[in-house]
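Reading through the structure tokens given below for one structure.
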Amino acid sequence: MMLGLAACNSAQPDDSGSNGAQQKKAVAMISFVRSDPLLSTYPQSCPANVYKTGAAVAGEVADCAKNPRQCISQCKSGNGKACFDSAQIVEAGNSPDDNLATYPLYMRACALGDGNACVNAGAAIKNTVWSGGKPAEASTPKCQFQTFSKMCKAGHAWGCYMTAQEYKRGGFDGRSEAKYEKYMRSACKISKTSGACYPAFR
């Protein structure tokens with residue numbers, strides 16, 4: 001399921017293939033995640049608590065659509081962008097239970113310092129259907145608020161956007177139009193070109 005968040009870091013989908021081809025790539029990526037001891041058992045705690053707890057390494061990222069196994073290897077080695085791009089490949093395939101792969105990939109990227117991945121991990125918990133039980137700590141309103149607001153403070157526009165939306169619907173601390181507008185303006189201060197920034201708040 002595509003979450004529609006943090007597009008600024010996303011891998012570009014391969015438009016040359018069919019939906020079936022995208023799904024095959026996604027299924028392969030899911031298989032790699034599920035069979036990997038590190039990723040399949042990745043901590044199911046609150047994204048806000050794992051942010052920047054891993055040892056990140058820089059480097060060129062493989063084309064995850066063409067080399068999913070290499071991308072997973074780079075993710076395991078500490079390249080947060082490889083983790084993020086791998087998760088995007090899985091989402092593009094719209095495979096059933098894709099969150100069983102996207103969540104650990106986003107969590108790994110989050111631990112490696114990718115704030116947008118932290119937001120997407122929180123959104124995966126919040127907005128997708130889980131056939132099994134959701135990670136308990138990450139599913140709490142307290143964790144969701146901590147994750148989105150912490151990423152907003154860290155300079156990630158989508159964190160501000162998600163915090164604003166919760167104030168709009170009253171999900172964290174009751175409805176507040178003033179706080180909604182405040183966080184939407186914060187998203188635009190961070191990036192006027194981000195999809196998290198609505199024109200009315202620029």
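Labels for the structure tokens follow display order: chains A, B, ..., residues from 1 in each chain, ligands from 1.
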
Practice problem: Write out as an MDAnalysis selection string which residues come within 9 Å of Tyr42 (chain A) when counting only C-alpha atoms, dropping same-chain ones fewer than 5 positions away. | Solution: chainID A and resid 37 104:105 107:108

Quiz prompt | Surrounding residues of Asp173 (chain A) excluding itself and chain neighbours under 4 positions, 10 Å, only C-alpha atoms, as a list in words | solution =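 Here the answer would be Pro141, Lys142, Phe145, Glu166, Tyr167 and Arg169 of chain A.
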
Quiz item: Can you list, as JSON, numbers by chain, every protein, DNA or RNA residue that comes within 12 Å of region 184-198 of chain A when you count only C-alpha atoms, leaving out same-chain residues fewer than 3 positions away?
Solution: {"A": [4, 5, 6, 7, 8, 9, 116, 119, 148, 149, 151, 152, 153, 154, 155, 156, 157, 158, 159, 160, 161, 162, 163, 164, 165, 166, 167, 168, 177, 178, 179, 180, 181, 201, 202]}

Quiz item: Using only C-alpha atoms, which residue out of A:Val27, A:Ala121, A:Ile72, A:Ala62 lies closest to Asp98 (chain A)?
Solution: A:Val27

Quiz item: Using the chain letters and numbers from this document, which residues of region 40-132 of chain A does DSSP assign to alpha helix (DSSP H), as a ChimeraX atom specification?
Solution: /A:40,47-50,68-77,80-92,99-111,115-127

Quiz item: What lies within 12 Å of Asn79 (chain A) using only C-alpha atoms, ignoring chain neighbours under 3 positions off, as a PyMOL selection string?
Solution: chain A and resi 54-62+70-76+82-86+105-106+108-114

Quiz item: With only C-alpha atoms as the atoms that count, which of A:Gly115, A:Pro47, A:Gly20, A:Gly170 lies nearest to Asn94 (chain A)?
Solution: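 The closest residue to Asn94 (chain A) is A:Gly20.
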
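Of the listed residues (A:Gly171, A:Gly122, A:Pro199, A:Gly133), A:Gly122 comes nearest to Asn49 (chain A); the distances count only C-alpha atoms.
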
Quiz item: Quick one: residues within 6 Å of Gln22 (chain A), only C-alpha atoms counted, chain neighbours fewer than 3 positions away excluded, as a VMD selection string?
Solution: chain A and resid 19 25 93

Quiz item: What gap, in Å, lies between CA of Ser176 (chain A) and CA of Ala136 (chain A)?
Solution: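 Those two atoms sit 26.8 Å apart.
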
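Distances from A:Gln146, A:Gln23, A:Ser139, A:Asn127 to Ile89 (chain A) were compared using only C-alpha atoms, and the smallest one belongs to A:Gln23.
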
Practice problem: Tell me which of A:Cys118, A:Asp63, A:Lys182, A:Val129 sits closest to Tyr51 (chain A), counting only C-alpha atoms. | Solution: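 Closest residue, counting only C-alpha atoms: A:Cys118.
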